[in-house]
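Listing of data.pdb, PDB, C-alpha atoms, pLDDT in the B column
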```pdb
ATOM      1  CA  MET C   1     110.815 121.471 109.181  1.00 56.00           C
ATOM      2  CA  GLY C   2     110.705 119.649 105.825  1.00 63.00           C
ATOM      3  CA  ARG C   3     109.262 120.972 102.637  1.00 70.00           C
ATOM      4  CA  GLY C   4     105.821 119.963 101.474  1.00 74.00           C
ATOM      5  CA  LYS C   5     105.392 117.688  98.491  1.00 79.00           C
ATOM      6  CA  VAL C   6     105.839 119.471  95.166  1.00 74.00           C
ATOM      7  CA  ASN C   7     103.158 118.816  92.586  1.00 78.00           C
ATOM      8  CA  LEU C   8     104.910 117.460  89.481  1.00 85.00           C
ATOM      9  CA  LYS C   9     103.536 119.256  86.449  1.00 89.00           C
ATOM     10  CA  ARG C  10     105.038 121.532  83.829  1.00 89.00           C
ATOM     11  CA  ILE C  11     105.849 124.987  85.168  1.00 88.00           C
ATOM     12  CA  ALA C  12     103.971 127.514  83.040  1.00 90.00           C
ATOM     13  CA  ASN C  13     106.123 130.579  83.787  1.00 92.00           C
ATOM     14  CA  PRO C  14     109.307 130.378  81.607  1.00 89.00           C
ATOM     15  CA  VAL C  15     111.458 132.269  84.128  1.00 91.00           C
ATOM     16  CA  SER C  16     110.402 130.024  87.027  1.00 91.00           C
ATOM     17  CA  ARG C  17     110.890 126.981  84.799  1.00 90.00           C
ATOM     18  CA  GLN C  18     114.489 128.039  83.968  1.00 90.00           C
ATOM     19  CA  VAL C  19     115.298 128.723  87.627  1.00 91.00           C
ATOM     20  CA  THR C  20     113.885 125.321  88.649  1.00 91.00           C
ATOM     21  CA  PHE C  21     115.827 123.621  85.849  1.00 92.00           C
ATOM     22  CA  SER C  22     119.103 125.227  86.938  1.00 92.00           C
ATOM     23  CA  LYS C  23     118.616 124.292  90.601  1.00 93.00           C
ATOM     24  CA  ARG C  24     117.508 120.725  89.929  1.00 93.00           C
ATOM     25  CA  LYS C  25     120.239 120.177  87.333  1.00 94.00           C
ATOM     26  CA  ALA C  26     122.857 121.267  89.851  1.00 93.00           C
ATOM     27  CA  GLY C  27     121.363 118.920  92.458  1.00 93.00           C
ATOM     28  CA  LEU C  28     121.261 116.014  89.996  1.00 94.00           C
ATOM     29  CA  LEU C  29     124.896 116.557  88.957  1.00 92.00           C
ATOM     30  CA  LYS C  30     125.934 116.763  92.623  1.00 94.00           C
ATOM     31  CA  LYS C  31     124.102 113.515  93.521  1.00 94.00           C
ATOM     32  CA  THR C  32     125.598 111.764  90.479  1.00 93.00           C
ATOM     33  CA  CYS C  33     129.099 112.810  91.527  1.00 92.00           C
ATOM     34  CA  GLU C  34     128.449 111.656  95.111  1.00 94.00           C
ATOM     35  CA  LEU C  35     127.197 108.258  93.924  1.00 93.00           C
ATOM     36  CA  SER C  36     130.285 107.845  91.776  1.00 92.00           C
ATOM     37  CA  VAL C  37     132.648 108.681  94.642  1.00 93.00           C
ATOM     38  CA  LEU C  38     130.820 106.781  97.402  1.00 93.00           C
ATOM     39  CA  CYS C  39     130.197 103.579  95.454  1.00 93.00           C
ATOM     40  CA  ASP C  40     133.119 103.671  93.019  1.00 91.00           C
ATOM     41  CA  ALA C  41     130.573 103.467  90.202  1.00 91.00           C
ATOM     42  CA  GLU C  42     131.199 104.478  86.623  1.00 92.00           C
ATOM     43  CA  ILE C  43     128.409 106.888  85.699  1.00 93.00           C
ATOM     44  CA  ALA C  44     127.449 108.885  82.619  1.00 93.00           C
ATOM     45  CA  LEU C  45     124.745 111.546  82.736  1.00 93.00           C
ATOM     46  CA  PHE C  46     123.415 113.645  79.844  1.00 92.00           C
ATOM     47  CA  ILE C  47     121.030 116.559  80.310  1.00 93.00           C
ATOM     48  CA  PHE C  48     119.610 118.723  77.538  1.00 91.00           C
ATOM     49  CA  SER C  49     118.096 121.987  78.708  1.00 88.00           C
ATOM     50  CA  PRO C  50     114.815 123.316  77.274  1.00 84.00           C
ATOM     51  CA  THR C  51     116.928 125.616  75.089  1.00 85.00           C
ATOM     52  CA  GLY C  52     118.928 122.648  73.762  1.00 87.00           C
ATOM     53  CA  LYS C  53     122.139 123.161  75.710  1.00 91.00           C
ATOM     54  CA  LEU C  54     123.993 119.945  76.679  1.00 90.00           C
ATOM     55  CA  TYR C  55     125.178 119.260  80.218  1.00 90.00           C
ATOM     56  CA  GLU C  56     127.109 116.078  80.927  1.00 90.00           C
ATOM     57  CA  PHE C  57     128.877 114.272  83.701  1.00 90.00           C
ATOM     58  CA  GLY C  58     131.107 111.241  83.302  1.00 90.00           C
ATOM     59  CA  SER C  59     133.109 109.453  85.926  1.00 89.00           C
ATOM     60  CA  PRO C  60     135.916 108.556  85.295  1.00 88.00           C
ATOM     61  CA  SER C  61     135.415 110.098  81.814  1.00 89.00           C
ATOM     62  CA  MET C  62     132.570 110.336  79.336  1.00 89.00           C
ATOM     63  CA  ASN C  63     134.624 108.797  76.487  1.00 90.00           C
ATOM     64  CA  LYS C  64     135.666 105.813  78.602  1.00 91.00           C
ATOM     65  CA  ILE C  65     132.094 105.106  79.689  1.00 90.00           C
ATOM     66  CA  LEU C  66     130.663 105.513  76.168  1.00 89.00           C
ATOM     67  CA  GLY C  67     133.326 103.163  74.793  1.00 88.00           C
ATOM     68  CA  ARG C  68     132.476 100.596  77.437  1.00 87.00           C
ATOM     69  CA  TYR C  69     128.758 100.965  76.682  1.00 86.00           C
ATOM     70  CA  GLN C  70     129.316 100.419  72.953  1.00 85.00           C
ATOM     71  CA  ARG C  71     131.474  97.342  73.564  1.00 83.00           C
ATOM     72  CA  CYS C  72     128.854  95.936  75.892  1.00 80.00           C
ATOM     73  CA  CYS C  73     125.956  96.491  73.485  1.00 75.00           C
ATOM     74  CA  THR C  74     127.743  95.085  70.434  1.00 72.00           C
ATOM     75  CA  SER C  75     129.262  92.161  72.307  1.00 65.00           C
ATOM     76  CA  GLN C  76     127.900  88.675  71.584  1.00 61.00           C
ATOM     77  CA  GLU C  77     127.855  88.048  75.335  1.00 62.00           C
ATOM     78  CA  TYR C  78     125.300  90.826  75.784  1.00 58.00           C
ATOM     79  CA  TYR C  79     122.696  89.077  73.648  1.00 61.00           C
ATOM     80  CA  PRO C  80     121.735  85.423  74.064  1.00 61.00           C
ATOM     81  CA  LYS C  81     123.267  83.274  71.348  1.00 68.00           C
ATOM     82  CA  THR C  82     120.944  81.525  68.921  1.00 70.00           C
ATOM     83  CA  ALA C  83     122.546  78.172  69.739  1.00 72.00           C
ATOM     84  CA  ASP C  84     121.932  78.749  73.451  1.00 77.00           C
ATOM     85  CA  MET C  85     118.307  79.615  72.736  1.00 81.00           C
ATOM     86  CA  GLU C  86     117.894  76.399  70.737  1.00 84.00           C
ATOM     87  CA  VAL C  87     119.336  74.358  73.591  1.00 86.00           C
ATOM     88  CA  LEU C  88     116.942  76.047  76.017  1.00 88.00           C
ATOM     89  CA  ARG C  89     113.967  75.449  73.700  1.00 90.00           C
ATOM     90  CA  SER C  90     114.948  71.808  73.331  1.00 91.00           C
ATOM     91  CA  GLU C  91     115.288  71.410  77.097  1.00 93.00           C
ATOM     92  CA  LEU C  92     111.920  73.101  77.638  1.00 93.00           C
ATOM     93  CA  GLU C  93     110.265  70.757  75.135  1.00 94.00           C
ATOM     94  CA  HIS C  94     111.870  67.743  76.833  1.00 94.00           C
ATOM     95  CA  LEU C  95     110.656  68.896  80.269  1.00 94.00           C
ATOM     96  CA  GLU C  96     107.130  69.527  78.970  1.00 94.00           C
ATOM     97  CA  ASN C  97     107.062  66.014  77.478  1.00 93.00           C
ATOM     98  CA  SER C  98     108.313  64.553  80.769  1.00 93.00           C
ATOM     99  CA  ILE C  99     105.603  66.388  82.690  1.00 94.00           C
ATOM    100  CA  GLY C 100     102.977  65.108  80.257  1.00 91.00           C
ATOM    101  CA  GLY C 101     104.223  61.545  80.679  1.00 91.00           C
ATOM    102  CA  LEU C 102     104.228  61.810  84.470  1.00 93.00           C
ATOM    103  CA  GLU C 103     100.711  63.236  84.500  1.00 92.00           C
ATOM    104  CA  LYS C 104      99.557  60.357  82.287  1.00 90.00           C
ATOM    105  CA  ARG C 105     101.202  57.775  84.601  1.00 89.00           C
ATOM    106  CA  GLN C 106      99.582  59.413  87.605  1.00 90.00           C
ATOM    107  CA  LYS C 107      96.161  59.117  85.958  1.00 89.00           C
ATOM    108  CA  HIS C 108      96.832  55.446  85.207  1.00 87.00           C
ATOM    109  CA  MET C 109      97.835  54.807  88.828  1.00 87.00           C
ATOM    110  CA  ILE C 110      94.490  56.123  90.063  1.00 88.00           C
ATOM    111  CA  GLY C 111      92.567  54.144  87.459  1.00 87.00           C
ATOM    112  CA  GLU C 112      91.822  56.940  85.003  1.00 89.00           C
ATOM    113  CA  ASP C 113      92.499  57.177  81.263  1.00 86.00           C
ATOM    114  CA  LEU C 114      93.077  53.426  80.889  1.00 89.00           C
ATOM    115  CA  ASP C 115      91.530  53.137  77.402  1.00 89.00           C
ATOM    116  CA  SER C 116      94.837  53.888  75.705  1.00 87.00           C
ATOM    117  CA  LEU C 117      96.655  50.989  77.440  1.00 88.00           C
ATOM    118  CA  SER C 118      97.160  47.573  75.873  1.00 91.00           C
ATOM    119  CA  PHE C 119      96.529  44.315  77.741  1.00 92.00           C
ATOM    120  CA  LYS C 120     100.249  43.888  78.526  1.00 94.00           C
ATOM    121  CA  GLU C 121     100.506  47.472  79.748  1.00 91.00           C
ATOM    122  CA  LEU C 122      97.493  46.909  81.994  1.00 91.00           C
ATOM    123  CA  GLN C 123      99.101  43.745  83.415  1.00 93.00           C
ATOM    124  CA  CYS C 124     102.342  45.635  84.077  1.00 92.00           C
ATOM    125  CA  LEU C 125     100.414  48.466  85.745  1.00 91.00           C
ATOM    126  CA  GLU C 126      98.512  45.940  87.861  1.00 92.00           C
ATOM    127  CA  ARG C 127     101.789  44.323  89.035  1.00 94.00           C
ATOM    128  CA  LYS C 128     103.257  47.706  89.949  1.00 92.00           C
ATOM    129  CA  MET C 129     100.134  48.686  91.841  1.00 92.00           C
ATOM    130  CA  GLU C 130     100.091  45.340  93.662  1.00 94.00           C
ATOM    131  CA  LYS C 131     103.720  45.821  94.756  1.00 95.00           C
ATOM    132  CA  GLY C 132     102.860  49.305  95.968  1.00 92.00           C
ATOM    133  CA  ARG C 133      99.781  48.042  97.794  1.00 94.00           C
ATOM    134  CA  LYS C 134     101.872  45.377  99.546  1.00 96.00           C
ATOM    135  CA  ARG C 135     104.439  47.953 100.640  1.00 96.00           C
ATOM    136  CA  ILE C 136     101.645  50.160 101.981  1.00 95.00           C
ATOM    137  CA  HIS C 137     100.051  47.214 103.781  1.00 96.00           C
ATOM    138  CA  SER C 138     103.401  46.253 105.327  1.00 96.00           C
ATOM    139  CA  LYS C 139     104.016  49.801 106.520  1.00 96.00           C
ATOM    140  CA  LYS C 140     100.536  49.976 108.050  1.00 96.00           C
ATOM    141  CA  GLU C 141     101.131  46.672 109.895  1.00 95.00           C
ATOM    142  CA  LYS C 142     104.431  47.964 111.237  1.00 96.00           C
ATOM    143  CA  ILE C 143     102.886  51.203 112.490  1.00 95.00           C
ATOM    144  CA  LEU C 144      99.951  49.364 114.048  1.00 94.00           C
ATOM    145  CA  GLY C 145     102.315  46.891 115.772  1.00 93.00           C
ATOM    146  CA  GLU C 146     104.379  49.761 117.187  1.00 94.00           C
ATOM    147  CA  HIS C 147     101.191  51.417 118.377  1.00 92.00           C
ATOM    148  CA  ILE C 148     100.085  48.214 120.132  1.00 92.00           C
ATOM    149  CA  LEU C 149     103.469  47.822 121.856  1.00 92.00           C
ATOM    150  CA  MET C 150     103.370  51.415 123.032  1.00 92.00           C
ATOM    151  CA  ARG C 151      99.856  50.930 124.436  1.00 90.00           C
ATOM    152  CA  LYS C 152     100.963  47.769 126.270  1.00 90.00           C
ATOM    153  CA  LYS C 153     103.923  49.611 127.809  1.00 89.00           C
ATOM    154  CA  LEU C 154     101.704  52.482 128.881  1.00 88.00           C
ATOM    155  CA  GLY C 155      99.169  50.024 130.310  1.00 80.00           C
ATOM    156  CA  GLY C 156     101.958  48.274 132.268  1.00 62.00           C
ATOM    157  CA  GLN C 157     102.839  51.569 133.927  1.00 57.00           C
ATOM    158  CA  HIS C 158      99.330  51.851 135.394  1.00 50.00           C
ATOM    159  CA  ASN C 159      98.433  54.605 133.003  1.00 46.00           C
ATOM    160  CA  VAL C 160      94.835  55.578 133.643  1.00 42.00           C
ATOM    161  CA  GLU C 161      93.280  56.047 130.231  1.00 46.00           C
ATOM    162  CA  ALA C 162      90.060  55.079 128.581  1.00 42.00           C
ATOM    163  CA  PRO C 163      90.030  51.500 127.281  1.00 43.00           C
ATOM    164  CA  VAL C 164      91.431  51.257 123.794  1.00 45.00           C
ATOM    165  CA  LYS C 165      90.218  48.852 121.186  1.00 46.00           C
ATOM    166  CA  ILE C 166      92.269  48.426 118.089  1.00 45.00           C
ATOM    167  CA  ILE C 167      90.012  48.378 115.120  1.00 45.00           C
ATOM    168  CA  ASP C 168      91.294  47.005 111.871  1.00 45.00           C
ATOM    169  CA  THR C 169      92.047  50.025 109.737  1.00 45.00           C
ATOM    170  CA  VAL C 170      94.363  48.038 107.539  1.00 43.00           C
ATOM    171  CA  ASN C 171      93.359  47.240 103.988  1.00 45.00           C
ATOM    172  CA  THR C 172      90.425  44.828 103.829  1.00 48.00           C
ATOM    173  CA  ASP C 173      90.369  44.959 100.040  1.00 50.00           C
ATOM    174  CA  PRO C 174      89.108  41.691  98.505  1.00 45.00           C
ATOM    175  CA  LEU C 175      91.976  41.913  96.008  1.00 46.00           C
ATOM    176  CA  GLU C 176      94.413  41.320  98.868  1.00 48.00           C
ATOM    177  CA  SER C 177      96.598  38.413  97.791  1.00 45.00           C
ATOM    178  CA  ASP C 178      96.752  36.535 101.099  1.00 46.00           C
ATOM    179  CA  GLY C 179      93.033  37.048 101.798  1.00 42.00           C
ATOM    180  CA  VAL C 180      93.664  37.463 105.532  1.00 44.00           C
ATOM    181  CA  ASN C 181      92.981  40.688 107.251  1.00 46.00           C
ATOM    182  CA  LEU C 182      95.285  42.186 109.846  1.00 44.00           C
ATOM    183  CA  SER C 183      92.935  41.983 112.813  1.00 43.00           C
ATOM    184  CA  ALA C 184      92.632  38.235 112.298  1.00 43.00           C
ATOM    185  CA  ASN C 185      96.440  37.988 112.164  1.00 44.00           C
ATOM    186  CA  LEU C 186      96.923  40.039 115.302  1.00 46.00           C
ATOM    187  CA  ASN C 187      93.724  38.975 117.112  1.00 44.00           C
ATOM    188  CA  LEU C 188      94.365  41.750 119.632  1.00 45.00           C
ATOM    189  CA  SER C 189      92.287  44.203 121.543  1.00 43.00           C
ATOM    190  CA  LEU C 190      93.152  46.118 124.665  1.00 42.00           C
ATOM    191  CA  SER C 191      90.596  46.787 127.364  1.00 39.00           C
TER     192      SER C 191
END
```
This entry written out as C-alpha cells:
Amino acid sequence: MGRGKVNLKRIANPVSRQVTFSKRKAGLLKKTCELSVLCDAEIALFIFSPTGKLYEFGSPSMNKILGRYQRCCTSQEYYPKTADMEVLRSELEHLENSIGGLEKRQKHMIGEDLDSLSFKELQCLERKMEKGRKRIHSKKEKILGEHILMRKKLGGQHNVEAPVKIIDTVNTDPLESDGVNLSANLNLSLS
C-alpha cells in the first residue's frame, strides 16, 4: 500500500524538520548517484542544511564538473555572437520585407490597393492576370472535356443514370479575348 500525498509546507517542529531533512537528503543523494551510474551522466549536487552545513555530490568529481561548467559559461560558443545576431536580424528584416511585398502583390491580383500603381504597372498586371485567366480557362476546358468523354463511355455501357446536361460553367467573362464561350465551342449536351 502506497503512502498518501504529503502536504508540502514548512515543518514547524525543528526536530521533525531535521529528521525529514536527513532522510530526504539521503534519498536525493542516492537518486543522484543512481542517475549518474545508469545514464553515465556527469552530475554535481550541492545541499546546504538549515544549519549551514554543506553536502555535495559530484560524479566523476566535483572539481571536474565545476571546471567544465566554468568553461561552458565563459565560452563564446555558449552565448550567441553579436555578428550572428546581426545576420539573423538582417535575415528577419529581409523576410518581413518579402512578406510585405507578397501581400501587396496578392492585393493587386484581386484588384485591391491599385492606387499606388502607375499606368505601366497596371498594364503589366493586366497582362499577367490575362495569362493566368487563359491558363485557368484552358484547364477548365480540359477537365470539362474529360468529364464529357467519361460520361459518353459510361453511357455506352448502358449505365442507367439520370440524364446529364452539361451546363457551361466555364468563364463567360466579357473580357474574354476570343469572345466565344465554351458551350458554343463544344455544343454538347447529353440526354
Report, in Å to a single decimal, how far apart CA of Gly101 (chain C) and CA of Arg89 (chain C) are.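 Computing it gives 18.4 Å between the two atoms.
CA of Glu96 (chain C) is found 22.8 Å from CA of Gly111 (chain C).
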Enclosing box along x, y and z for every listed atom of region 117-124 of chain C, padded 5 Å each side, centre and size in Å, one decimal, as lines of an AutoDock Vina configuration file:
```
center_x = 99.4
center_y = 47.4
center_z = 80.0
size_x = 15.8
size_y = 17.2
size_z = 18.2
```
Find the spatial neighbours of Ile43 (chain C), counting only C-alpha atoms, within a cut-off of 9 Å - ignore same-chain residues fewer than 4 positions away - and output them as a PDB file with C-alpha atoms, in the coordinates of the input.
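Below you can see around_11.pdb, which holds the result:
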```pdb
ATOM      1  CA  THR C  32     125.598 111.764  90.479  1.00 93.00           C
ATOM      2  CA  CYS C  33     129.099 112.810  91.527  1.00 92.00           C
ATOM      3  CA  LEU C  35     127.197 108.258  93.924  1.00 93.00           C
ATOM      4  CA  SER C  36     130.285 107.845  91.776  1.00 92.00           C
ATOM      5  CA  PHE C  57     128.877 114.272  83.701  1.00 90.00           C
ATOM      6  CA  GLY C  58     131.107 111.241  83.302  1.00 90.00           C
ATOM      7  CA  SER C  59     133.109 109.453  85.926  1.00 89.00           C
ATOM      8  CA  PRO C  60     135.916 108.556  85.295  1.00 88.00           C
ATOM      9  CA  SER C  61     135.415 110.098  81.814  1.00 89.00           C
ATOM     10  CA  MET C  62     132.570 110.336  79.336  1.00 89.00           C
ATOM     11  CA  ILE C  65     132.094 105.106  79.689  1.00 90.00           C
TER      12      ILE C  65
END
```
Top pick for closest residue to Gly67 (chain C), considering C:Ala44, C:Ser49, C:Ile99, C:Leu29 and counting only C-alpha atoms: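 Ranked by minimum distance to Gly67 (chain C), first place goes to C:Ala44.
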